[in-house]
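Undergrad: See my_file.txt below, with compact mmCIF, C-alpha atoms and all ligand atoms.
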# COMPACT_ATOMS: atom_id res chain seq x y z
CA MET A 144 260.74 -118.99 10.95
CA SER A 145 263.49 -121.06 12.61
CA ASP A 146 260.89 -123.65 13.74
CA LEU A 147 259.62 -123.92 10.19
CA LEU A 148 263.15 -124.27 8.86
CA LEU A 149 263.89 -127.09 11.30
CA LEU A 150 260.68 -128.85 10.32
CA ALA A 151 261.49 -128.35 6.62
CA ARG A 152 264.97 -129.82 7.09
CA GLU A 153 263.61 -132.81 9.00
CA ARG A 154 261.26 -133.52 6.12
CA GLY A 155 263.81 -132.95 3.37
CA ALA A 156 261.69 -130.11 1.99
CA ILE A 157 262.89 -127.74 -0.74
CA ASP A 158 263.93 -124.47 0.83
CA LEU A 159 262.79 -121.42 -1.12
CA ALA A 160 262.85 -119.42 2.10
CA LEU A 161 266.39 -118.32 2.83
CA GLY A 162 268.42 -116.01 0.60
CA THR A 163 271.31 -118.53 0.62
CA PRO A 164 272.51 -118.64 -2.98
CA GLY A 165 272.09 -121.84 -5.04
CA HIS A 166 272.65 -119.77 -8.19
CA PRO A 167 275.21 -118.67 -9.19
CA GLU A 168 277.57 -121.28 -7.75
CA PRO A 169 281.02 -120.38 -6.42
CA THR A 170 283.64 -120.94 -9.13
CA THR A 171 286.32 -123.57 -8.63
CA ASP A 172 288.87 -120.79 -9.25
CA ILE A 173 287.71 -118.76 -6.24
CA ILE A 174 287.76 -121.86 -4.02
CA GLU A 175 291.26 -122.77 -5.25
CA ALA A 176 292.36 -119.17 -4.64
CA ALA A 177 291.23 -119.48 -0.98
CA HIS A 178 293.27 -122.68 -0.52
CA GLU A 179 296.24 -121.02 -2.17
CA ALA A 180 295.92 -117.86 -0.03
CA MET A 181 296.14 -119.96 3.14
CA ARG A 182 299.08 -121.94 1.78
CA ARG A 183 300.81 -118.66 0.87
CA GLY A 184 300.51 -117.55 4.48
CA HIS A 185 297.48 -115.21 4.54
CA ASN A 186 296.47 -116.57 7.91
CA GLN A 187 296.89 -113.63 10.26
CA TYR A 188 295.27 -110.22 10.74
CA ASP A 189 295.22 -108.06 7.65
CA HIS A 190 294.74 -104.29 7.46
CA PRO A 191 291.44 -103.61 9.30
CA SER A 192 290.11 -101.58 6.33
CA GLY A 193 290.55 -104.61 4.10
CA ASP A 194 292.95 -106.40 1.77
CA ARG A 195 294.46 -103.80 -0.53
CA LEU A 196 293.76 -105.60 -3.83
CA LEU A 197 290.17 -106.43 -2.88
CA ARG A 198 289.53 -102.82 -1.88
CA GLU A 199 291.00 -101.60 -5.18
CA ARG A 200 288.89 -103.97 -7.22
CA ILE A 201 285.64 -103.30 -5.40
CA ALA A 202 286.32 -99.55 -5.54
CA ALA A 203 286.89 -99.75 -9.30
CA MET A 204 283.54 -101.52 -9.77
CA GLN A 205 281.58 -98.72 -8.07
CA ARG A 206 279.74 -96.05 -10.06
CA PRO A 207 281.46 -93.63 -10.04
CA PRO A 208 284.63 -95.45 -8.92
CA ALA A 209 285.62 -94.93 -5.27
CA ASP A 210 289.04 -94.20 -3.77
CA PRO A 211 290.14 -97.51 -2.19
CA GLU A 212 292.37 -95.68 0.31
CA THR A 213 289.81 -93.28 1.78
CA GLU A 214 286.33 -94.38 0.68
CA LEU A 215 286.14 -98.18 0.76
CA THR A 216 286.15 -100.54 3.73
CA VAL A 217 285.81 -104.33 3.61
CA THR A 218 283.45 -105.66 6.29
CA VAL A 219 282.23 -108.99 7.65
CA GLY A 220 279.33 -109.17 5.22
CA ALA A 221 276.70 -106.54 4.60
CA THR A 222 275.32 -107.49 8.01
CA GLU A 223 278.28 -105.96 9.83
CA ALA A 224 278.33 -103.09 7.32
CA LEU A 225 274.70 -102.20 8.12
CA CYS A 226 275.33 -102.17 11.86
CA VAL A 227 278.54 -100.15 11.45
CA ALA A 228 276.78 -97.65 9.16
CA LEU A 229 274.03 -97.11 11.72
CA LEU A 230 276.24 -97.10 14.82
CA SER A 231 278.54 -94.51 13.29
CA THR A 232 275.67 -92.29 12.10
CA VAL A 233 272.93 -92.24 14.74
CA ASP A 234 272.69 -91.76 18.49
CA PRO A 235 270.05 -93.42 20.66
CA GLY A 236 266.78 -91.52 20.26
CA ASP A 237 267.55 -90.28 16.72
CA GLU A 238 265.11 -91.27 14.00
CA VAL A 239 265.75 -93.47 10.97
CA VAL A 240 263.38 -93.49 7.99
CA LEU A 241 262.70 -96.96 6.50
CA LEU A 242 260.49 -98.28 3.72
CA ASP A 243 257.87 -100.81 4.83
CA PRO A 244 257.87 -103.73 4.01
CA GLY A 245 261.62 -104.21 4.13
CA TYR A 246 264.45 -106.57 5.02
CA GLU A 247 263.96 -107.92 8.55
CA GLY A 248 267.62 -107.31 9.40
CA PHE A 249 267.09 -103.54 9.11
CA ARG A 250 264.75 -103.32 12.04
CA ALA A 251 267.10 -105.37 14.22
CA ALA A 252 270.07 -103.17 13.26
CA VAL A 253 268.12 -99.96 13.94
CA ALA A 254 267.06 -101.36 17.33
CA LEU A 255 270.70 -102.20 18.13
CA SER A 256 271.70 -98.61 17.41
CA GLY A 257 269.03 -97.32 19.82
CA ALA A 258 267.43 -95.22 17.07
CA ILE A 259 263.68 -94.99 16.47
CA PRO A 260 262.36 -96.34 13.15
CA ARG A 261 259.92 -94.21 11.12
CA PHE A 262 258.22 -96.37 8.54
CA VAL A 263 257.01 -95.19 5.14
CA PRO A 264 254.45 -97.61 3.68
CA LEU A 265 255.06 -99.13 0.27
CA HIS A 266 251.78 -99.78 -1.50
CA ALA A 267 250.78 -103.01 -3.26
CA PRO A 268 250.80 -104.24 -5.94
CA ASP A 269 253.91 -102.42 -7.21
CA TRP A 270 255.32 -101.46 -3.79
CA ARG A 271 255.89 -97.75 -4.37
CA PHE A 272 255.72 -95.03 -1.74
CA ASP A 273 253.56 -91.94 -1.83
CA PRO A 274 255.89 -88.89 -1.82
CA ALA A 275 253.56 -87.09 0.60
CA GLU A 276 253.78 -90.00 3.07
CA LEU A 277 257.55 -90.02 2.65
CA ALA A 278 257.70 -86.32 3.53
CA THR A 279 255.72 -86.79 6.75
CA ALA A 280 258.23 -89.39 8.01
CA PHE A 281 261.02 -86.78 8.22
CA THR A 282 261.40 -84.60 11.32
CA SER A 283 264.14 -82.54 12.93
CA ARG A 284 265.23 -85.77 14.67
CA THR A 285 265.78 -87.70 11.43
CA ARG A 286 269.45 -88.62 11.26
CA ALA A 287 269.40 -91.33 8.59
CA VAL A 288 267.36 -92.97 5.83
CA LEU A 289 267.90 -96.70 5.27
CA LEU A 290 267.11 -97.94 1.74
CA ASN A 291 267.49 -101.22 -0.12
CA SER A 292 267.62 -101.41 -3.91
CA PRO A 293 267.03 -103.94 -5.43
CA GLY A 294 264.76 -104.66 -2.50
CA ASN A 295 264.22 -107.64 -0.25
CA PRO A 296 261.38 -108.72 -0.11
CA THR A 297 259.63 -106.63 -2.79
CA GLY A 298 262.09 -106.99 -5.68
CA ARG A 299 261.73 -103.25 -6.35
CA VAL A 300 264.52 -101.23 -7.92
CA LEU A 301 264.19 -97.61 -6.79
CA THR A 302 263.77 -95.23 -9.74
CA ARG A 303 265.68 -92.02 -10.29
CA GLN A 304 262.48 -90.09 -9.56
CA GLU A 305 262.04 -91.86 -6.19
CA LEU A 306 265.71 -91.25 -5.32
CA ASP A 307 265.32 -87.56 -6.24
CA TRP A 308 262.37 -87.23 -3.83
CA ILE A 309 264.46 -88.86 -1.11
CA ALA A 310 267.44 -86.60 -1.94
CA GLU A 311 265.33 -83.47 -1.55
CA LEU A 312 264.14 -84.52 1.92
CA ALA A 313 267.55 -85.80 3.04
CA GLU A 314 269.07 -82.43 2.11
CA ARG A 315 266.29 -80.48 3.81
CA TRP A 316 266.64 -82.46 7.05
CA ASP A 317 270.40 -83.06 6.78
CA ALA A 318 270.11 -86.86 6.98
CA THR A 319 272.67 -89.48 5.93
CA VAL A 320 271.32 -91.91 3.33
CA ILE A 321 272.40 -95.52 3.75
CA CYS A 322 271.52 -97.81 0.85
CA ASP A 323 271.90 -101.58 0.96
CA GLU A 324 272.78 -102.55 -2.60
CA VAL A 325 273.70 -106.19 -1.95
CA TYR A 326 271.62 -107.33 -4.94
CA SER A 327 273.07 -104.70 -7.29
CA THR A 328 274.28 -107.26 -9.84
CA PHE A 329 270.81 -108.77 -10.28
CA VAL A 330 268.67 -106.24 -12.14
CA PHE A 331 266.26 -107.47 -14.80
CA ASP A 332 264.42 -106.67 -18.03
CA GLY A 333 267.05 -104.22 -19.28
CA ARG A 334 266.80 -101.96 -16.23
CA GLU A 335 269.87 -100.13 -14.90
CA LEU A 336 270.34 -99.78 -11.16
CA THR A 337 270.85 -96.17 -10.12
CA SER A 338 273.18 -96.19 -7.13
CA ILE A 339 272.67 -93.46 -4.55
CA THR A 340 276.24 -92.37 -5.37
CA GLU A 341 275.01 -91.29 -8.82
CA VAL A 342 272.27 -88.95 -7.56
CA PRO A 343 273.16 -85.32 -6.77
CA GLY A 344 271.94 -84.54 -3.27
CA LEU A 345 272.36 -88.17 -2.19
CA ALA A 346 275.94 -88.82 -3.31
CA GLU A 347 277.39 -86.28 -0.84
CA ARG A 348 275.53 -87.82 2.09
CA SER A 349 275.60 -91.47 1.14
CA ILE A 350 276.83 -94.71 2.64
CA VAL A 351 276.57 -97.70 0.29
CA VAL A 352 276.38 -101.15 1.85
CA GLY A 353 277.52 -103.94 -0.48
CA SER A 354 278.30 -107.63 -0.32
CA LEU A 355 279.99 -110.44 -2.20
CA SER A 356 277.61 -112.97 -0.60
CA LYS A 357 275.04 -113.09 -3.39
CA SER A 358 276.90 -111.96 -6.52
CA TYR A 359 279.72 -114.46 -6.03
CA ALA A 360 277.70 -117.04 -4.06
CA ILE A 361 280.07 -116.97 -1.10
CA SER A 362 277.67 -115.99 1.69
CA GLY A 363 279.65 -118.12 4.17
CA TRP A 364 282.84 -116.19 3.51
CA ARG A 365 281.26 -113.13 5.14
CA LEU A 366 282.64 -110.46 2.85
CA GLY A 367 280.86 -107.15 2.45
CA PHE A 368 281.86 -103.53 2.12
CA LEU A 369 281.06 -99.90 2.88
CA ARG A 370 281.54 -97.05 0.44
CA ALA A 371 281.34 -93.49 1.77
CA ASP A 372 283.16 -90.14 1.59
CA PRO A 373 286.48 -89.86 3.48
CA VAL A 374 284.99 -88.16 6.57
CA ARG A 375 282.24 -90.75 6.98
CA THR A 376 284.71 -93.53 6.14
CA GLU A 377 286.93 -92.51 9.04
CA ALA A 378 284.01 -92.88 11.46
CA LEU A 379 282.91 -96.15 9.83
CA ARG A 380 286.41 -97.61 10.15
CA ARG A 381 286.63 -96.71 13.84
CA VAL A 382 283.43 -98.65 14.58
CA HIS A 383 284.45 -101.48 12.22
CA GLU A 384 287.76 -101.92 14.07
CA VAL A 385 285.95 -102.15 17.40
CA THR A 386 283.39 -104.66 16.13
CA THR A 387 285.57 -107.09 14.13
CA LEU A 388 289.12 -105.83 13.50
CA GLY A 389 288.62 -106.88 9.90
CA ALA A 390 287.19 -109.55 7.67
CA PRO A 391 288.85 -112.99 7.17
CA ALA A 392 292.29 -112.39 5.61
CA PRO A 393 292.72 -115.43 3.32
CA LEU A 394 289.21 -115.09 1.94
CA GLN A 395 289.73 -111.42 1.19
CA ALA A 396 292.99 -112.26 -0.59
CA ALA A 397 291.24 -114.92 -2.68
CA ALA A 398 288.29 -112.69 -3.52
CA GLY A 399 290.67 -109.87 -4.48
CA LEU A 400 292.26 -112.11 -7.10
CA GLN A 401 288.97 -113.38 -8.47
CA VAL A 402 286.25 -110.71 -8.37
CA LEU A 403 287.05 -109.32 -11.80
CA SER A 404 286.95 -112.66 -13.57
CA ALA A 405 283.39 -113.62 -12.58
CA ASN A 406 280.83 -113.28 -15.33
CA LEU A 407 278.24 -111.26 -13.42
CA LYS A 408 276.26 -110.37 -16.54
CA ALA A 409 275.70 -114.03 -17.46
CA ALA A 410 274.75 -114.82 -13.85
CA ALA A 411 272.18 -111.98 -13.93
CA GLU A 412 270.68 -113.17 -17.23
CA GLU A 413 270.37 -116.67 -15.85
CA MET A 414 268.84 -115.28 -12.65
CA GLN A 415 266.17 -113.55 -14.76
CA HIS A 416 265.27 -116.91 -16.37
CA ARG A 417 264.93 -118.43 -12.91
CA ARG A 418 262.72 -115.54 -11.84
CA ASP A 419 260.50 -116.13 -14.87
CA GLN A 420 260.28 -119.86 -14.20
CA THR A 421 259.39 -119.26 -10.53
CA VAL A 422 256.79 -116.61 -11.40
CA GLU A 423 255.24 -119.08 -13.85
CA ILE A 424 255.14 -121.95 -11.33
CA PHE A 425 253.50 -119.99 -8.55
CA THR A 426 251.19 -117.95 -10.80
CA ARG A 427 249.88 -121.22 -12.24
CA MET A 428 249.19 -122.29 -8.68
CA GLY A 429 247.01 -119.20 -8.29
CA MET A 430 249.23 -116.64 -6.55
CA LYS A 431 249.28 -113.02 -7.77
CA ILE A 432 252.87 -111.96 -8.45
CA THR A 433 254.48 -108.78 -9.77
CA PRO A 434 257.76 -110.04 -11.29
CA ALA A 435 260.78 -108.83 -9.29
CA GLU A 436 262.65 -105.95 -10.97
CA GLY A 437 265.85 -107.13 -9.31
CA GLY A 438 267.29 -109.22 -6.47
CA CYS A 439 266.37 -112.82 -5.84
CA PHE A 440 262.91 -112.83 -4.22
CA LEU A 441 259.29 -112.83 -5.36
CA PHE A 442 256.76 -111.21 -3.09
CA ALA A 443 253.60 -113.18 -3.78
CA ASP A 444 249.98 -112.39 -2.91
CA ILE A 445 248.29 -115.61 -1.74
CA SER A 446 244.82 -114.14 -1.24
CA PRO A 447 243.43 -115.49 -4.55
CA LEU A 448 244.26 -118.97 -3.16
CA THR A 449 243.26 -118.55 0.45
CA GLY A 450 240.31 -116.18 0.03
CA GLY A 451 241.60 -114.63 3.25
CA GLN A 452 240.53 -117.77 5.17
CA ILE A 453 244.03 -118.54 6.42
CA ASP A 454 247.05 -116.29 6.97
CA SER A 455 250.47 -116.64 5.38
CA GLY A 456 251.81 -118.55 8.41
CA ALA A 457 249.13 -121.25 8.11
CA PHE A 458 249.48 -121.24 4.31
CA THR A 459 253.24 -121.82 4.58
CA HIS A 460 252.67 -124.83 6.86
CA GLU A 461 250.08 -126.21 4.46
CA LEU A 462 252.43 -125.85 1.47
CA LEU A 463 255.21 -127.55 3.43
CA ASN A 464 252.96 -130.43 4.47
CA LYS A 465 251.33 -130.95 1.08
CA VAL A 466 254.23 -130.53 -1.34
CA GLY A 467 257.38 -130.24 0.77
CA ILE A 468 258.23 -126.70 -0.32
CA LEU A 469 259.18 -124.00 2.17
CA VAL A 470 258.46 -120.30 1.55
CA VAL A 471 258.45 -117.44 4.09
CA PRO A 472 255.35 -115.85 5.63
CA ALA A 473 255.76 -112.10 5.12
CA GLY A 474 254.69 -110.83 8.57
CA PRO A 475 258.24 -110.13 9.84
CA CYS A 476 258.94 -107.91 6.81
CA PHE A 477 256.25 -105.44 7.92
CA ASP A 478 256.10 -103.00 10.82
CA ASP A 479 252.55 -104.26 11.37
CA PRO A 480 252.92 -108.05 10.88
CA ALA A 481 249.20 -108.35 10.04
CA ARG A 482 249.95 -106.60 6.71
CA GLY A 483 251.96 -109.70 5.82
CA ASP A 484 249.06 -112.15 6.30
CA GLN A 485 248.38 -112.04 2.59
CA TYR A 486 251.95 -112.42 1.31
CA VAL A 487 254.79 -114.93 1.18
CA ARG A 488 258.38 -114.45 0.02
CA ILE A 489 259.86 -116.93 -2.45
CA ALA A 490 263.61 -117.11 -3.24
CA PHE A 491 264.51 -117.97 -6.84
CA ASN A 492 268.34 -117.90 -6.64
CA ARG A 493 268.34 -121.66 -6.77
CA ARG A 494 269.94 -124.43 -8.85
CA ALA A 495 268.01 -125.25 -12.05
CA GLU A 496 267.38 -128.89 -10.93
CA LEU A 497 265.85 -127.62 -7.71
CA LEU A 498 263.45 -125.25 -9.49
CA ASN A 499 262.52 -128.06 -11.90
CA GLU A 500 261.72 -130.26 -8.90
CA VAL A 501 259.57 -127.43 -7.43
CA GLU A 502 257.71 -127.31 -10.75
CA ARG A 503 257.22 -131.08 -10.75
CA ARG A 504 255.88 -131.09 -7.20
CA MET A 505 253.54 -128.18 -7.82
CA LEU A 506 252.12 -129.76 -10.97
CA GLY A 507 251.67 -133.02 -9.05
CA ALA A 508 249.80 -131.17 -6.31
CA ARG A 509 247.51 -129.53 -8.87
CA ALA A 510 246.75 -132.91 -10.46
CA VAL A 511 245.80 -134.31 -7.02
CA ASP A 512 243.64 -131.23 -6.21
CA LYS A 513 241.67 -131.80 -9.44
C1 LIG B 1 268.86 -106.90 1.88
C2 LIG B 1 269.91 -107.73 2.50
N1 LIG B 1 270.95 -107.14 3.10
C3 LIG B 1 271.93 -107.84 3.68
C4 LIG B 1 271.90 -109.22 3.71
C5 LIG B 1 273.01 -109.98 4.36
O1 LIG B 1 274.15 -109.91 3.54
P1 LIG B 1 275.56 -110.52 4.00
O2 LIG B 1 275.55 -111.98 3.72
O3 LIG B 1 276.56 -109.81 3.13
O4 LIG B 1 275.75 -110.21 5.45
C6 LIG B 1 270.82 -109.90 3.11
C7 LIG B 1 270.76 -111.38 3.15
O5 LIG B 1 269.83 -112.01 2.74
C8 LIG B 1 269.81 -109.13 2.51
O6 LIG B 1 268.76 -109.72 1.91
Write out the structure in this file as structure tokens.
TA:
Amino acid sequence: MSDLLLLARERGAIDLALGTPGHPEPTTDIIEAAHEAMRRGHNQYDHPSGDRLLRERIAAMQRPPADPETELTVTVGATEALCVALLSTVDPGDEVVLLDPGYEGFRAAVALSGAIPRFVPLHAPDWRFDPAELATAFTSRTRAVLLNSPGNPTGRVLTRQELDWIAELAERWDATVICDEVYSTFVFDGRELTSITEVPGLAERSIVVGSLSKSYAISGWRLGFLRADPVRTEALRRVHEVTTLGAPAPLQAAAGLQVLSANLKAAAEEMQHRRDQTVEIFTRMGMKITPAEGGCFLFADISPLTGGQIDSGAFTHELLNKVGILVVPAGPCFDDPARGDQYVRIAFNRRAELLNEVERRMLGARAVDK
């Protein structure tokens, strides 16, 4: 993917590949607050568990609210949080259950922890698992389950029924359930996200991984968090201190002052419009797309266009060459990369002008094809 990205940048292509937010945009208030925090002297180490105000505010936004003293830790993005959650939960040789396809970063984090991934297939077109297949993934060596809802790349929001099935197995095999909820503010079509902390059987054994990267469009600030019970939090904080000694102090101070004032509901409604526009553009082109239930990605089936003649890697190159638009071939999202030959991932958390330009280019390409 990095080669493709370089090529795309050289050619000035439109990047619909990375999850880097173009929508929403960071508010001027949050940027001012960062300047002000530095001027006020927030330039040294802060408490390793995180700026007090930021912890309080994030804790209050959780469902149910968390105790900022004993249950909430600010991390260097969800990326650090994921690694810390795994390193503090599993030993090398333990097994971790994962849904497949899933976020590429999960496999790398599981590998870093030395654990063995056990994949449960999600089935197209709606990317649900079969409860019987889920059950066979659990063994006496299962130490953790790693979930993501809303999901990257599938856009799935796990239902209460699916979470209940997972809860039953996690209880039976005494596994910790880690759920990456970094896209929690972007849930569409009137759906409600059920956090694992709201499900009996999961809540008691849960670690929630969250982030400010996407909701507040500050992915470069590297602010994420971990929510867990006090016993797990103690272990998480020990690993967190060893890995980073805390997230950037002035940025935490600024975020603490600003997180409550952002209009997350309006940003989510606007994100849904952008999803609809992107579905429309690429469906018109001939892709088969189940609209994302949440998050910021579409997982598109290209087989109606390619007839299986070329794989998603070749298709992505072709799209880049013909119209200057970059999407992601889905191979790396799957345990068996060949399952991704038929799919590409398309990010829609982009500025309106950019999506309009995508539309213009795609319509132009169709006119030329005719
Ligand atoms: C599912 C998922 N988790 C975590 C991350 C990384 O989040 P952060 O920027 O907070 O490290 C991403 C980024 O795209 C993601 O898609």
Undergrad: Counting all atoms listed in the file, name the residues that have an atom within 10 Å of an atom of ligand LIG 1 (chain B); the answer should be given as a PyMOL selection string.
TA: chain A and resi 161-164+218-225+245-249+290-296+322-326+352-358+360-368+438-440
Undergrad: Using C-alpha atoms, can you write the selected residues to a file as a PDB file, in the coordinates of the input?
TA:
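As a result, out-v4.pdb now contains:
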ATOM      1  CA  LEU A 161     266.390-118.320   2.830  1.00  0.00           C
ATOM      2  CA  GLY A 162     268.420-116.010   0.600  1.00  0.00           C
ATOM      3  CA  THR A 163     271.310-118.530   0.620  1.00  0.00           C
ATOM      4  CA  PRO A 164     272.510-118.640  -2.980  1.00  0.00           C
ATOM      5  CA  THR A 218     283.450-105.660   6.290  1.00  0.00           C
ATOM      6  CA  VAL A 219     282.230-108.990   7.650  1.00  0.00           C
ATOM      7  CA  GLY A 220     279.330-109.170   5.220  1.00  0.00           C
ATOM      8  CA  ALA A 221     276.700-106.540   4.600  1.00  0.00           C
ATOM      9  CA  THR A 222     275.320-107.490   8.010  1.00  0.00           C
ATOM     10  CA  GLU A 223     278.280-105.960   9.830  1.00  0.00           C
ATOM     11  CA  ALA A 224     278.330-103.090   7.320  1.00  0.00           C
ATOM     12  CA  LEU A 225     274.700-102.200   8.120  1.00  0.00           C
ATOM     13  CA  GLY A 245     261.620-104.210   4.130  1.00  0.00           C
ATOM     14  CA  TYR A 246     264.450-106.570   5.020  1.00  0.00           C
ATOM     15  CA  GLU A 247     263.960-107.920   8.550  1.00  0.00           C
ATOM     16  CA  GLY A 248     267.620-107.310   9.400  1.00  0.00           C
ATOM     17  CA  PHE A 249     267.090-103.540   9.110  1.00  0.00           C
ATOM     18  CA  LEU A 290     267.110 -97.940   1.740  1.00  0.00           C
ATOM     19  CA  ASN A 291     267.490-101.220  -0.120  1.00  0.00           C
ATOM     20  CA  SER A 292     267.620-101.410  -3.910  1.00  0.00           C
ATOM     21  CA  PRO A 293     267.030-103.940  -5.430  1.00  0.00           C
ATOM     22  CA  GLY A 294     264.760-104.660  -2.500  1.00  0.00           C
ATOM     23  CA  ASN A 295     264.220-107.640  -0.250  1.00  0.00           C
ATOM     24  CA  PRO A 296     261.380-108.720  -0.110  1.00  0.00           C
ATOM     25  CA  CYS A 322     271.520 -97.810   0.850  1.00  0.00           C
ATOM     26  CA  ASP A 323     271.900-101.580   0.960  1.00  0.00           C
ATOM     27  CA  GLU A 324     272.780-102.550  -2.600  1.00  0.00           C
ATOM     28  CA  VAL A 325     273.700-106.190  -1.950  1.00  0.00           C
ATOM     29  CA  TYR A 326     271.620-107.330  -4.940  1.00  0.00           C
ATOM     30  CA  VAL A 352     276.380-101.150   1.850  1.00  0.00           C
ATOM     31  CA  GLY A 353     277.520-103.940  -0.480  1.00  0.00           C
ATOM     32  CA  SER A 354     278.300-107.630  -0.320  1.00  0.00           C
ATOM     33  CA  LEU A 355     279.990-110.440  -2.200  1.00  0.00           C
ATOM     34  CA  SER A 356     277.610-112.970  -0.600  1.00  0.00           C
ATOM     35  CA  LYS A 357     275.040-113.090  -3.390  1.00  0.00           C
ATOM     36  CA  SER A 358     276.900-111.960  -6.520  1.00  0.00           C
ATOM     37  CA  ALA A 360     277.700-117.040  -4.060  1.00  0.00           C
ATOM     38  CA  ILE A 361     280.070-116.970  -1.100  1.00  0.00           C
ATOM     39  CA  SER A 362     277.670-115.990   1.690  1.00  0.00           C
ATOM     40  CA  GLY A 363     279.650-118.120   4.170  1.00  0.00           C
ATOM     41  CA  TRP A 364     282.840-116.190   3.510  1.00  0.00           C
ATOM     42  CA  ARG A 365     281.260-113.130   5.140  1.00  0.00           C
ATOM     43  CA  LEU A 366     282.640-110.460   2.850  1.00  0.00           C
ATOM     44  CA  GLY A 367     280.860-107.150   2.450  1.00  0.00           C
ATOM     45  CA  PHE A 368     281.860-103.530   2.120  1.00  0.00           C
ATOM     46  CA  GLY A 438     267.290-109.220  -6.470  1.00  0.00           C
ATOM     47  CA  CYS A 439     266.370-112.820  -5.840  1.00  0.00           C
ATOM     48  CA  PHE A 440     262.910-112.830  -4.220  1.00  0.00           C
TER      49      PHE A 440
END
Undergrad: Give me the residues near Asp269 of chain A as a list in words, where near means some atom within 9 Å (using all atoms listed in the file) and where sequence neighbours in that chain fewer than 6 positions away do not count.
TA: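 So the residues in contact are Thr297, Arg299 and Thr433 of chain A.
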Undergrad: Please list as a list in words every residue within 9 Å of Pro373 of chain A, counting all atoms listed in the file and excluding residues in the same chain fewer than 3 positions away.
TA: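 The residues satisfying every condition are Asp210, Glu212, Thr213, Glu214, Leu215, Thr376, Glu377 and Ala378 of chain A.
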Undergrad: Could you check which of A:Val320, A:Ala490, A:Ala411, A:Ala397 is closest to Arg375 of chain A, using only C-alpha atoms?
TA: A:Val320
Undergrad: Choose the residue, out of A:Leu289, A:Leu312, A:Ala278, A:Ala371, that has the smallest atom-to-atom separation from Val253 of chain A; count all atoms listed in the file.
TA: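 Of A:Leu289, A:Leu312, A:Ala278, A:Ala371, the one nearest Val253 of chain A is A:Leu289, counting all atoms listed in the file.
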Undergrad: Any idea what the distance is between atom CA of Pro274 of chain A and atom CA of Val239 of chain A?
TA: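 Those two atoms sit 16.8 Å apart.
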Undergrad: Val217 of chain A: which residues within 10 Å, counting only C-alpha atoms, same-chain residues fewer than 6 positions away excluded, as a VMD selection string?
TA: chain A and resid 190 to 195 197 to 198 201 211 223 to 224 353 to 354 366 to 370 380 383 389 to 391 395
Undergrad: Skipping near chain neighbours, those fewer than 5 positions away, what residues fall within 9 Å of segment 444-457 of chain A using all atoms listed in the file, listed as JSON, numbers by chain?
TA: {"A": [268, 428, 429, 430, 431, 432, 433, 462, 471, 472, 473, 474, 481, 483, 484, 485, 486, 487]}
Undergrad: Could you write out that same residue set with C-alpha atoms as a tab-separated table (two decimals), keeping the file's coordinate frame?
TA:
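Wrote again_1.tsv, looks like this:
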chain	number	residue	atom	x	y	z
A	268	PRO	CA	250.80	-104.24	-5.94
A	428	MET	CA	249.19	-122.29	-8.68
A	429	GLY	CA	247.01	-119.20	-8.29
A	430	MET	CA	249.23	-116.64	-6.55
A	431	LYS	CA	249.28	-113.02	-7.77
A	432	ILE	CA	252.87	-111.96	-8.45
A	433	THR	CA	254.48	-108.78	-9.77
A	462	LEU	CA	252.43	-125.85	1.47
A	471	VAL	CA	258.45	-117.44	4.09
A	472	PRO	CA	255.35	-115.85	5.63
A	473	ALA	CA	255.76	-112.10	5.12
A	474	GLY	CA	254.69	-110.83	8.57
A	481	ALA	CA	249.20	-108.35	10.04
A	483	GLY	CA	251.96	-109.70	5.82
A	484	ASP	CA	249.06	-112.15	6.30
A	485	GLN	CA	248.38	-112.04	2.59
A	486	TYR	CA	251.95	-112.42	1.31
A	487	VAL	CA	254.79	-114.93	1.18
Undergrad: Just give me the gap between atom CA of His178 of chain A and atom CA of Leu407 of chain A in Å, one decimal is fine.
TA: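 Interatomic distance here is 22.9 Å.
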Undergrad: Please, what distance in Å, to one decimal, runs between atom CA of Ser231 of chain A and atom CA of Val300 of chain A?
TA: 26.3 Å
Undergrad: Please provide the set of residues having any atom within 8 Å of Ala287 of chain A, restricted to only C-alpha atoms, with same-chain residues fewer than 2 positions apart removed, written as a PDB file with C-alpha atoms, keeping the file's coordinate frame.
TA:
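File produced: around-v8.pdb:
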ATOM      1  CA  THR A 232     275.670 -92.290  12.100  1.00  0.00           C
ATOM      2  CA  VAL A 233     272.930 -92.240  14.740  1.00  0.00           C
ATOM      3  CA  GLU A 238     265.110 -91.270  14.000  1.00  0.00           C
ATOM      4  CA  VAL A 239     265.750 -93.470  10.970  1.00  0.00           C
ATOM      5  CA  VAL A 240     263.380 -93.490   7.990  1.00  0.00           C
ATOM      6  CA  THR A 285     265.780 -87.700  11.430  1.00  0.00           C
ATOM      7  CA  LEU A 289     267.900 -96.700   5.270  1.00  0.00           C
ATOM      8  CA  ALA A 318     270.110 -86.860   6.980  1.00  0.00           C
ATOM      9  CA  THR A 319     272.670 -89.480   5.930  1.00  0.00           C
ATOM     10  CA  VAL A 320     271.320 -91.910   3.330  1.00  0.00           C
ATOM     11  CA  ILE A 321     272.400 -95.520   3.750  1.00  0.00           C
TER      12      ILE A 321
END
Undergrad: Put a box with edges along x, y and z around all the listed atoms of segment 193-200 of chain A, pad it by 4 Å on each side, then give me its centre and sizes in Å, one decimal, as AutoDock Vina command-line options.
TA:
--center_x 291.7 --center_y -104.0 --center_z -1.6 --size_x 13.6 --size_y 12.8 --size_z 19.3
Undergrad: Around the point (288.2, -117.1, -3.5), in the coordinates given by the file, pick out the residues reaching within 9 Å, counting all atoms listed in the file, and return them as a list in words.
TA: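 Answer for this query, in the requested form: Pro169, Thr170, Thr171, Asp172, Ile173, Ile174, Glu175, Ala176, Ala177, His178, Ala180, Ile361, Trp364, Pro393, Leu394, Gln395, Ala396, Ala397, Ala398, Gly399, Leu400, Gln401 and Val402 of chain A.
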